[in-house]
file entry_5.cif (mmCIF, C-alpha atoms and all ligand atoms)
data_entry
#
loop_
_atom_site.label_atom_id
_atom_site.label_comp_id
_atom_site.auth_asym_id
_atom_site.auth_seq_id
_atom_site.Cartn_x
_atom_site.Cartn_y
_atom_site.Cartn_z
CA MET A 9 61.72 17.20 -18.37
CA ALA A 10 64.34 19.73 -17.20
CA ILE A 11 64.67 21.23 -20.67
CA LEU A 12 60.97 22.15 -20.84
CA ASN A 13 60.58 25.91 -21.29
CA ALA A 14 58.65 26.51 -18.08
CA ASP A 15 58.00 30.03 -16.79
CA LEU A 16 56.33 29.74 -13.40
CA HIS A 17 56.50 33.31 -12.09
CA CYS A 18 55.00 36.50 -13.54
CA HIS A 19 52.50 39.27 -12.78
CA SER A 20 49.42 40.71 -14.50
CA VAL A 21 47.28 43.82 -13.94
CA VAL A 22 45.54 41.79 -11.22
CA SER A 23 48.59 42.65 -9.08
CA ASP A 24 51.52 44.84 -10.15
CA GLY A 25 52.09 43.80 -13.76
CA THR A 26 51.04 45.98 -16.71
CA LEU A 27 49.70 43.27 -19.06
CA THR A 28 46.40 41.37 -18.85
CA PRO A 29 46.41 37.59 -18.33
CA GLU A 30 45.51 37.22 -22.04
CA GLU A 31 48.38 39.48 -23.16
CA LEU A 32 50.79 37.51 -20.97
CA ALA A 33 49.61 34.17 -22.40
CA ALA A 34 50.15 35.46 -25.94
CA ARG A 35 53.60 36.81 -25.04
CA ALA A 36 54.54 33.54 -23.31
CA LYS A 37 53.51 31.60 -26.42
CA ALA A 38 55.43 33.95 -28.73
CA ASN A 39 58.54 33.53 -26.55
CA GLY A 40 58.39 29.73 -26.71
CA VAL A 41 57.04 29.01 -23.22
CA GLU A 42 55.55 25.51 -22.96
CA LEU A 43 54.39 25.47 -19.33
CA TRP A 44 53.18 28.70 -17.74
CA ALA A 45 51.88 29.98 -14.39
CA LEU A 46 50.54 33.45 -13.57
CA THR A 47 51.61 34.26 -9.98
CA ASP A 48 49.99 37.55 -8.97
CA HIS A 49 50.91 38.88 -5.52
CA ASP A 50 48.42 37.73 -2.84
CA GLU A 51 45.72 37.15 -5.48
CA VAL A 52 44.08 34.38 -7.49
CA GLY A 53 41.61 36.73 -9.22
CA GLY A 54 43.35 36.27 -12.59
CA GLN A 55 43.56 32.48 -12.51
CA GLN A 56 40.47 31.58 -14.52
CA ARG A 57 41.38 34.06 -17.25
CA ALA A 58 45.00 32.86 -17.32
CA ALA A 59 44.02 29.18 -17.53
CA ALA A 60 41.53 29.91 -20.33
CA ALA A 61 44.06 32.05 -22.23
CA ALA A 62 46.70 29.34 -21.83
CA ARG A 63 44.27 26.79 -23.27
CA ALA A 64 43.51 29.10 -26.20
CA GLN A 65 47.26 29.50 -26.88
CA GLY A 66 48.02 25.77 -26.50
CA LEU A 67 50.14 26.33 -23.37
CA LYS A 68 50.21 23.95 -20.43
CA TYR A 69 49.17 25.76 -17.26
CA LEU A 70 49.64 25.54 -13.48
CA THR A 71 47.65 27.75 -11.09
CA GLY A 72 49.86 30.23 -9.27
CA THR A 73 50.20 32.99 -6.71
CA GLU A 74 53.04 34.75 -4.87
CA ILE A 75 52.25 35.17 -1.18
CA SER A 76 53.81 37.94 0.92
CA VAL A 77 55.16 36.47 4.18
CA THR A 78 56.95 37.99 7.16
CA PHE A 79 59.84 35.80 8.30
CA ALA A 80 62.64 36.80 10.69
CA GLY A 81 61.57 40.44 10.35
CA GLU A 82 61.94 40.44 6.57
CA THR A 83 59.40 40.13 3.73
CA VAL A 84 59.77 36.78 1.98
CA HIS A 85 57.78 35.70 -1.06
CA ILE A 86 56.37 32.18 -1.31
CA VAL A 87 55.15 31.09 -4.73
CA GLY A 88 52.32 28.57 -4.77
CA LEU A 89 51.88 26.35 -7.83
CA GLY A 90 49.24 23.81 -8.85
CA PHE A 91 46.82 24.40 -5.94
CA ASP A 92 43.04 24.61 -6.23
CA ALA A 93 42.38 28.31 -6.87
CA GLN A 94 38.75 27.91 -5.72
CA ASP A 95 39.69 26.55 -2.28
CA PRO A 96 38.06 28.91 0.28
CA ARG A 97 41.01 28.50 2.69
CA MET A 98 43.37 29.96 0.06
CA ARG A 99 40.90 32.67 -0.95
CA GLN A 100 40.29 33.78 2.65
CA GLY A 101 43.98 33.65 3.49
CA LEU A 102 44.92 35.82 0.51
CA SER A 103 42.07 38.22 1.20
CA ALA A 104 43.34 38.70 4.77
CA THR A 105 46.90 39.17 3.46
CA ARG A 106 45.72 41.89 1.04
CA GLY A 107 43.70 43.55 3.82
CA GLY A 108 46.28 46.00 5.16
CA ARG A 109 47.43 47.34 1.79
CA GLY A 110 45.06 50.32 1.56
CA GLU A 111 46.06 51.77 4.93
CA ARG A 112 49.74 51.04 4.24
CA ALA A 113 49.48 52.92 0.93
CA ARG A 114 48.03 55.99 2.69
CA GLU A 115 50.91 55.93 5.17
CA MET A 116 53.43 55.59 2.35
CA ALA A 117 51.89 58.62 0.62
CA ALA A 118 51.95 60.63 3.87
CA GLN A 119 55.69 59.95 4.23
CA LEU A 120 56.34 60.87 0.61
CA ALA A 121 54.36 64.11 1.08
CA GLN A 122 56.62 64.93 4.05
CA ALA A 123 59.60 64.31 1.79
CA GLY A 124 58.20 66.88 -0.66
CA ILE A 125 56.29 64.57 -3.02
CA PRO A 126 52.57 65.33 -2.76
CA GLY A 127 49.68 63.41 -4.32
CA ALA A 128 51.39 60.01 -4.43
CA TYR A 129 48.35 58.05 -3.20
CA GLU A 130 46.13 59.39 -5.96
CA GLY A 131 49.00 59.10 -8.43
CA ALA A 132 49.70 55.46 -7.56
CA LEU A 133 46.00 54.60 -7.73
CA ARG A 134 45.93 55.56 -11.40
CA TYR A 135 48.28 52.62 -12.08
CA VAL A 136 46.32 50.14 -9.97
CA GLY A 137 44.30 47.47 -11.79
CA ASN A 138 42.93 45.83 -8.64
CA PRO A 139 41.76 48.17 -5.86
CA GLU A 140 42.69 45.56 -3.23
CA LEU A 141 46.25 45.44 -4.47
CA VAL A 142 48.01 48.78 -4.18
CA SER A 143 51.71 47.92 -4.16
CA ARG A 144 55.02 49.72 -4.00
CA THR A 145 55.35 49.06 -7.74
CA HIS A 146 52.39 51.38 -8.42
CA PHE A 147 53.98 54.11 -6.31
CA ALA A 148 57.26 53.58 -8.18
CA ARG A 149 55.50 54.07 -11.54
CA TYR A 150 53.94 57.29 -10.29
CA LEU A 151 57.29 58.63 -9.00
CA VAL A 152 58.77 58.05 -12.46
CA GLU A 153 55.78 59.77 -14.10
CA ALA A 154 56.14 62.72 -11.69
CA GLY A 155 59.80 63.09 -12.71
CA VAL A 156 61.13 62.28 -9.21
CA CYS A 157 63.22 59.37 -10.57
CA LYS A 158 64.25 58.26 -14.06
CA ASP A 159 63.09 54.65 -13.65
CA THR A 160 61.56 52.31 -11.08
CA ALA A 161 64.96 50.83 -10.16
CA GLU A 162 66.06 54.32 -9.03
CA VAL A 163 62.83 54.67 -7.04
CA PHE A 164 63.63 51.51 -5.07
CA ARG A 165 67.16 52.79 -4.40
CA LYS A 166 65.97 56.15 -3.05
CA TYR A 167 62.44 55.54 -1.77
CA LEU A 168 60.00 52.85 -0.55
CA THR A 169 62.70 50.59 0.96
CA GLU A 170 63.87 50.29 4.56
CA GLY A 171 65.36 53.51 5.89
CA LYS A 172 64.11 55.55 2.89
CA PRO A 173 61.06 57.86 2.60
CA GLY A 174 57.86 55.98 1.82
CA PHE A 175 58.80 52.74 3.55
CA VAL A 176 56.07 51.46 5.85
CA PRO A 177 56.86 48.21 7.69
CA HIS A 178 54.07 45.72 7.29
CA ARG A 179 53.14 42.36 8.81
CA TRP A 180 52.22 39.87 6.10
CA ALA A 181 51.14 36.21 6.37
CA THR A 182 53.15 33.69 8.38
CA LEU A 183 55.28 31.15 6.54
CA LYS A 184 53.28 28.37 8.14
CA ASP A 185 49.92 29.72 6.94
CA ALA A 186 51.10 30.46 3.40
CA VAL A 187 52.54 26.96 2.98
CA ARG A 188 49.36 25.46 4.46
CA TRP A 189 47.01 27.34 2.10
CA ILE A 190 49.04 26.09 -0.87
CA THR A 191 49.52 22.47 0.21
CA GLU A 192 45.96 21.98 1.50
CA GLY A 193 44.82 22.89 -2.00
CA GLY A 194 47.04 20.22 -3.55
CA GLY A 195 49.85 22.58 -4.62
CA VAL A 196 53.57 22.98 -4.02
CA ALA A 197 55.05 25.87 -1.97
CA VAL A 198 58.22 27.38 -3.43
CA ILE A 199 60.68 29.89 -1.90
CA ALA A 200 60.77 32.76 -4.44
CA HIS A 201 64.07 34.42 -5.50
CA PRO A 202 66.06 33.40 -2.35
CA ALA A 203 69.08 35.55 -3.26
CA ARG A 204 66.99 38.72 -2.82
CA TYR A 205 66.64 38.46 0.98
CA ARG A 206 69.14 40.10 3.29
CA PHE A 207 69.41 37.12 5.61
CA THR A 208 72.31 35.88 7.66
CA ALA A 209 73.37 32.28 6.96
CA ASN A 210 71.46 31.17 10.05
CA GLU A 211 68.28 32.96 9.02
CA GLU A 212 68.46 31.52 5.52
CA TYR A 213 69.00 28.04 6.97
CA ALA A 214 65.94 28.60 9.17
CA LEU A 215 63.84 29.67 6.16
CA PHE A 216 64.71 26.54 4.18
CA THR A 217 64.31 24.25 7.19
CA GLU A 218 60.99 25.73 8.28
CA LEU A 219 59.59 25.72 4.74
CA LYS A 220 60.30 21.99 4.61
CA ALA A 221 58.93 21.39 8.11
CA HIS A 222 55.64 23.04 7.09
CA GLY A 223 55.40 20.93 3.92
CA GLY A 224 57.03 23.23 1.32
CA ARG A 225 58.88 21.33 -1.38
CA ALA A 226 60.72 23.67 -3.77
CA VAL A 227 62.90 26.73 -4.29
CA GLU A 228 63.35 29.04 -7.27
CA VAL A 229 66.79 28.42 -8.72
CA VAL A 230 66.59 30.14 -12.11
CA THR A 231 64.75 33.48 -11.89
CA GLY A 232 64.95 36.91 -13.47
CA SER A 233 66.41 38.22 -10.22
CA HIS A 234 69.29 35.71 -9.91
CA THR A 235 72.71 35.97 -11.50
CA ALA A 236 74.27 32.78 -12.92
CA ALA A 237 76.34 32.45 -9.74
CA GLU A 238 73.23 32.79 -7.57
CA ALA A 239 71.46 30.12 -9.63
CA GLN A 240 74.42 27.78 -9.01
CA ARG A 241 74.38 28.58 -5.31
CA TYR A 242 70.67 27.82 -4.95
CA ALA A 243 70.96 24.73 -7.15
CA GLN A 244 73.33 23.42 -4.49
CA ALA A 245 70.98 24.53 -1.71
CA ALA A 246 68.09 22.69 -3.42
CA GLN A 247 70.15 19.50 -3.44
CA GLU A 248 71.31 19.92 0.15
CA PHE A 249 67.79 20.49 1.44
CA GLY A 250 66.14 17.92 -0.84
CA LEU A 251 63.97 20.56 -2.53
CA ALA A 252 62.73 20.59 -6.13
CA ALA A 253 63.79 23.52 -8.35
CA SER A 254 61.59 26.12 -10.04
CA ARG A 255 62.19 28.49 -12.93
CA GLY A 256 60.42 31.81 -13.56
CA SER A 257 61.12 35.21 -15.05
CA ASP A 258 59.18 37.34 -12.50
CA PHE A 259 58.11 39.37 -15.55
CA HIS A 260 56.06 42.49 -14.68
CA SER A 261 56.13 44.80 -17.69
CA PRO A 262 57.77 45.14 -21.12
CA GLY A 263 59.28 48.51 -20.18
CA GLU A 264 60.50 47.55 -16.71
CA SER A 265 61.48 43.88 -16.57
CA HIS A 266 64.90 42.97 -17.89
CA THR A 267 63.98 39.26 -18.14
CA ASP A 268 61.17 38.52 -20.59
CA LEU A 269 58.75 35.60 -20.27
CA GLY A 270 60.49 32.30 -21.01
CA ARG A 271 63.86 33.92 -21.76
CA LEU A 272 65.82 32.22 -18.99
CA PRO A 273 68.68 29.74 -18.79
CA PRO A 274 67.64 26.10 -18.26
CA LEU A 275 67.66 24.60 -14.76
CA PRO A 276 71.12 23.29 -13.84
CA GLU A 277 71.59 19.52 -14.26
CA GLY A 278 70.80 17.08 -11.51
CA LEU A 279 67.83 18.93 -9.98
CA THR A 280 64.22 17.76 -9.73
CA PRO A 281 62.10 20.27 -11.69
CA VAL A 282 59.13 21.41 -9.59
CA TRP A 283 56.78 20.46 -12.44
CA ASP A 284 57.76 16.81 -11.97
CA LEU A 285 55.97 17.05 -8.59
CA LEU A 286 52.90 18.58 -10.25
CA ALA A 287 52.31 16.34 -13.27
CA ASP A 288 48.71 15.63 -12.22
CA ARG A 289 47.98 19.34 -11.60
CA ILE A 290 48.93 20.58 -15.08
CA GLN A 291 45.92 21.91 -17.02
P1 LIG A 301 54.82 45.34 -2.13
O1 LIG A 301 54.22 43.97 -2.21
O2 LIG A 301 53.80 46.43 -2.18
O3 LIG A 301 55.77 45.49 -0.98
O4 LIG A 301 55.67 45.56 -3.47
C1 LIG A 301 56.69 44.64 -3.79
C2 LIG A 301 57.00 44.75 -5.27
O5 LIG A 301 57.83 45.86 -5.50
C3 LIG A 301 57.81 43.56 -5.77
O6 LIG A 301 56.98 42.49 -6.10
C4 LIG A 301 58.46 44.14 -7.00
O7 LIG A 301 57.55 44.11 -8.08
C5 LIG A 301 58.68 45.59 -6.59
N1 LIG A 301 60.06 45.80 -6.14
C6 LIG A 301 60.56 45.62 -4.91
N2 LIG A 301 61.88 45.93 -4.87
C7 LIG A 301 62.21 46.31 -6.13
C8 LIG A 301 63.41 46.76 -6.75
N3 LIG A 301 64.55 46.90 -6.07
N4 LIG A 301 63.35 47.07 -8.06
C9 LIG A 301 62.21 46.96 -8.76
N5 LIG A 301 61.05 46.53 -8.23
C10 LIG A 301 61.05 46.21 -6.93
MN MN A 302 55.88 42.63 -7.98
MN MN A 303 58.74 38.52 -5.34
MN MN A 304 57.11 38.22 -8.37
#
call {"tool": "encode", "arguments": {"input": "entry_5.cif", "output": "structure tokens"}}
result
Amino acid sequence: MAILNADLHCHSVVSDGTLTPEELAARAKANGVELWALTDHDEVGGQQRAAAAARAQGLKYLTGTEISVTFAGETVHIVGLGFDAQDPRMRQGLSATRGGRGERAREMAAQLAQAGIPGAYEGALRYVGNPELVSRTHFARYLVEAGVCKDTAEVFRKYLTEGKPGFVPHRWATLKDAVRWITEGGGVAVIAHPARYRFTANEEYALFTELKAHGGRAVEVVTGSHTAAEAQRYAQAAQEFGLAASRGSDFHSPGESHTDLGRLPPLPEGLTPVWDLLADRIQ
């Protein structure tokens, strides 16, 4: 089933995407996606709409989320697929993970104001679809609107990241808890875009080993944020660690995302596609 056009990572207005779950389902269908998952950050509020829209479009669907985790002092993202989105343990865990975002956003805005950019909290809020999910992406959109940067990529080079104005360190969920919420609900926990983390070899080894020890079973190999060489590298890592492989665009917005829904290379040969582990969870 490795040649299936699966896109198991994207964002809607329920987190930091700009399209609704219905618009994403239609776009996925138009782009030839066969199996889809909406993976909003720290949220399952869009899951019912996404599953219904997938059904209306004739797409196979897996429930999804992308959980923010703090591991070895760095933010790591763990994608959950195929879990029960109604499970109260998942819902409470995600709600607690979202909890600090409002205060963090106010601190980000205070730093930006000190750097000469006033009104960023109010500005970012105008881009927010879910009041519990103010993210750096919404600030980035406001900084572009305000003419501070030409695009969101420039924002993340100059602001909102470690050592730059507007960066507020934050403690997210633990790896253990995130994997537990996903697996207790019958899903599979996946390391998202592993090439994006600034880990030493030892830290990366620890991430893969601990994910497995907690019951995680997959890693993203083909994603919008990996080069072809990075996909090869993590294909090898998947085999070495005995993990299944996932594929997802991480699409956020037509204007911002360079990889569109479903427009990704196939998984490299010889890997176990994550959807083979989730055959009984596909809706
Ligand atoms: P937050 O969860 O509030 O820390 O926001 C994280 C989000 O910011 C990610 O999910 C991306 O959507 C966005 N982001 C982070 N780094 C970058 C980057 N270098 N370029 C574009 N978007 C980024
Ligand atoms: Mn995002
Ligand atoms: Mn991510
Ligand atoms: Mn993502």
call {"tool": "residues_around", "arguments": {"input": "entry_5.cif", "residues": "Leu275 of chain A", "least_positions_apart": "4", "cutoff": "9 Å", "atoms": "all atoms listed in the file", "output": "list in words"}}
result
Ala10, Ile11, Val229, Val230, Ala239, Ala243, Ala253, Ser254, Arg255, Leu279 and Pro281 of chain A
call {"tool": "residues_around", "arguments": {"input": "entry_5.cif", "residues": "Leu46 of chain A", "least_positions_apart": "6", "cutoff": "7 Å", "atoms": "all atoms listed in the file", "output": "list of chain:residue names"}}
result
A:Leu16, A:His17, A:Cys18, A:His19, A:Ala58, A:Thr71, A:Gly72, A:Thr73
call {"tool": "residues_near_ligand", "arguments": {"input": "entry_5.cif", "ligand": "ligand MN 303 (chain A)", "cutoff": "9 Å", "atoms": "all atoms listed in the file", "output": "NGL selection string"}}
result
:A and (17 or 49 or 74-76 or 84-87 or 200-201 or 204 or 258)
call {"tool": "atom_distance", "arguments": {"input": "entry_5.cif", "atom1": "atom N4 of ligand LIG 301 (chain A)", "atom2": "atom CA of Ser23 of chain A"}}
result
15.4 Å
call {"tool": "residues_around", "arguments": {"input": "entry_5.cif", "residues": "Val21 of chain A", "least_positions_apart": "6", "cutoff": "8 Å", "atoms": "only C-alpha atoms", "output": "JSON, numbers by chain"}}
result
{"A": [27, 28, 29, 136, 137, 138]}
call {"tool": "closest_residue", "arguments": {"input": "entry_5.cif", "among": "A:Glu140, A:Glu264, A:Glu170, A:Asp92", "to": "ligand MN 302 (chain A)", "atoms": "only C-alpha atoms and all ligand atoms"}}
result
A:Glu264
call {"tool": "closest_residue", "arguments": {"input": "entry_5.cif", "among": "A:Thr26, A:Gln100, A:Ser20, A:Asn210", "to": "Asp48 of chain A", "atoms": "all atoms listed in the file"}}
result
A:Ser20
call {"tool": "residues_around", "arguments": {"input": "entry_5.cif", "residues": "Leu219 of chain A", "least_positions_apart": "6", "cutoff": "9 Å", "atoms": "all atoms listed in the file", "output": "list in words"}}
result
Leu183, Lys184, Val187, Ala197, Val198, Ile199, Arg225 and Ala226 of chain A
call {"tool": "write_last_selection", "arguments": {"input": "entry_5.cif", "atoms": "C-alpha atoms", "output": "mmCIF file, in the frame of the given file"}}
result
data_model
loop_
_atom_site.group_PDB
_atom_site.id
_atom_site.type_symbol
_atom_site.label_atom_id
_atom_site.label_comp_id
_atom_site.auth_asym_id
_atom_site.auth_seq_id
_atom_site.Cartn_x
_atom_site.Cartn_y
_atom_site.Cartn_z
ATOM 1 C CA LEU A 183 55.280 31.150 6.540
ATOM 2 C CA LYS A 184 53.280 28.370 8.140
ATOM 3 C CA VAL A 187 52.540 26.960 2.980
ATOM 4 C CA ALA A 197 55.050 25.870 -1.970
ATOM 5 C CA VAL A 198 58.220 27.380 -3.430
ATOM 6 C CA ILE A 199 60.680 29.890 -1.900
ATOM 7 C CA ARG A 225 58.880 21.330 -1.380
ATOM 8 C CA ALA A 226 60.720 23.670 -3.770
#
call {"tool": "closest_residue", "arguments": {"input": "entry_5.cif", "among": "A:Gln240, A:Arg114, A:Glu51, A:Gly278", "to": "ligand MN 304 (chain A)", "atoms": "all atoms listed in the file"}}
result
A:Glu51
call {"tool": "atom_distance", "arguments": {"input": "entry_5.cif", "atom1": "atom CA of Gly223 of chain A", "atom2": "atom CA of Ala246 of chain A"}}
result
14.8 Å
call {"tool": "closest_residue", "arguments": {"input": "entry_5.cif", "among": "A:Val282, A:Leu251, A:Val52, A:Ala154", "to": "Met98 of chain A", "atoms": "all atoms listed in the file"}}
result
A:Val52
call {"tool": "residues_around", "arguments": {"input": "entry_5.cif", "residues": "Lys172 of chain A", "least_positions_apart": "4", "cutoff": "10 Å", "atoms": "only C-alpha atoms", "output": "PyMOL selection string"}}
result
chain A and resi 119-120+123+164-168+176
call {"tool": "axis_aligned_box", "arguments": {"input": "entry_5.cif", "around": "segment 14-29 of chain A", "padding_each_side": "6 Å", "output": "AutoDock Vina command-line options"}}
result
--center_x 52.1 --center_y 36.2 --center_z -14.1 --size_x 25.1 --size_y 31.5 --size_z 22.0
call {"tool": "closest_residue", "arguments": {"input": "entry_5.cif", "among": "A:Ser265, A:Thr280, A:Gln247, A:Gln55", "to": "ligand MN 302 (chain A)", "atoms": "all atoms listed in the file"}}
result
A:Ser265
call {"tool": "residues_near_ligand", "arguments": {"input": "entry_5.cif", "ligand": "ligand LIG 301 (chain A)", "cutoff": "6 Å", "atoms": "only C-alpha atoms and all ligand atoms", "output": "PyMOL selection string"}}
result
chain A and resi 143-145+160-161+164
call {"tool": "build_atoms", "arguments": {"input": "entry_5.cif", "residues": "segment 171-187 of chain A", "atoms": "N, CA, C and O atoms", "output": "mmCIF file, keeping the file's coordinate frame"}}
result
data_model
loop_
_atom_site.group_PDB
_atom_site.id
_atom_site.type_symbol
_atom_site.label_atom_id
_atom_site.label_comp_id
_atom_site.auth_asym_id
_atom_site.auth_seq_id
_atom_site.Cartn_x
_atom_site.Cartn_y
_atom_site.Cartn_z
ATOM 1 N N GLY A 171 64.496 52.369 5.609
ATOM 2 C CA GLY A 171 65.360 53.510 5.890
ATOM 3 C C GLY A 171 65.164 54.678 4.939
ATOM 4 O O GLY A 171 65.742 55.738 5.133
ATOM 5 N N LYS A 172 64.331 54.492 3.895
ATOM 6 C CA LYS A 172 64.110 55.550 2.890
ATOM 7 C C LYS A 172 62.677 56.076 3.013
ATOM 8 O O LYS A 172 61.788 55.376 3.498
ATOM 9 N N PRO A 173 62.432 57.323 2.524
ATOM 10 C CA PRO A 173 61.060 57.860 2.600
ATOM 11 C C PRO A 173 60.072 56.957 1.856
ATOM 12 O O PRO A 173 60.383 56.437 0.778
ATOM 13 N N GLY A 174 58.906 56.780 2.470
ATOM 14 C CA GLY A 174 57.860 55.980 1.820
ATOM 15 C C GLY A 174 57.902 54.516 2.191
ATOM 16 O O GLY A 174 57.120 53.728 1.657
ATOM 17 N N PHE A 175 58.793 54.141 3.120
ATOM 18 C CA PHE A 175 58.800 52.740 3.550
ATOM 19 C C PHE A 175 57.935 52.587 4.794
ATOM 20 O O PHE A 175 58.149 53.255 5.797
ATOM 21 N N VAL A 176 56.949 51.726 4.721
ATOM 22 C CA VAL A 176 56.070 51.460 5.850
ATOM 23 C C VAL A 176 56.173 49.972 6.182
ATOM 24 O O VAL A 176 55.768 49.132 5.374
ATOM 25 N N PRO A 177 56.750 49.633 7.350
ATOM 26 C CA PRO A 177 56.860 48.210 7.690
ATOM 27 C C PRO A 177 55.477 47.575 7.769
ATOM 28 O O PRO A 177 54.514 48.233 8.158
ATOM 29 N N HIS A 178 55.381 46.352 7.355
ATOM 30 C CA HIS A 178 54.070 45.720 7.290
ATOM 31 C C HIS A 178 54.177 44.261 7.724
ATOM 32 O O HIS A 178 55.184 43.610 7.425
ATOM 33 N N ARG A 179 53.171 43.760 8.418
ATOM 34 C CA ARG A 179 53.140 42.360 8.810
ATOM 35 C C ARG A 179 52.291 41.587 7.825
ATOM 36 O O ARG A 179 51.094 41.794 7.731
ATOM 37 N N TRP A 180 52.924 40.667 7.103
ATOM 38 C CA TRP A 180 52.220 39.870 6.100
ATOM 39 C C TRP A 180 51.788 38.536 6.706
ATOM 40 O O TRP A 180 51.711 38.404 7.919
ATOM 41 N N ALA A 181 51.536 37.543 5.884
ATOM 42 C CA ALA A 181 51.140 36.210 6.370
ATOM 43 C C ALA A 181 52.326 35.535 7.066
ATOM 44 O O ALA A 181 53.478 35.949 6.901
ATOM 45 N N THR A 182 52.059 34.494 7.839
ATOM 46 C CA THR A 182 53.150 33.690 8.380
ATOM 47 C C THR A 182 53.548 32.647 7.344
ATOM 48 O O THR A 182 52.747 32.254 6.480
ATOM 49 N N LEU A 183 54.799 32.195 7.447
ATOM 50 C CA LEU A 183 55.280 31.150 6.540
ATOM 51 C C LEU A 183 54.401 29.903 6.655
ATOM 52 O O LEU A 183 54.007 29.304 5.652
ATOM 53 N N LYS A 184 54.072 29.567 7.892
ATOM 54 C CA LYS A 184 53.280 28.370 8.140
ATOM 55 C C LYS A 184 51.924 28.442 7.433
ATOM 56 O O LYS A 184 51.499 27.488 6.769
ATOM 57 N N ASP A 185 51.236 29.576 7.569
ATOM 58 C CA ASP A 185 49.920 29.720 6.940
ATOM 59 C C ASP A 185 50.024 29.677 5.422
ATOM 60 O O ASP A 185 49.240 28.991 4.755
ATOM 61 N N ALA A 186 50.990 30.413 4.870
ATOM 62 C CA ALA A 186 51.100 30.460 3.400
ATOM 63 C C ALA A 186 51.342 29.065 2.835
ATOM 64 O O ALA A 186 50.696 28.657 1.852
ATOM 65 N N VAL A 187 52.253 28.315 3.461
ATOM 66 C CA VAL A 187 52.540 26.960 2.980
ATOM 67 C C VAL A 187 51.291 26.080 3.131
ATOM 68 O O VAL A 187 50.971 25.285 2.245
#
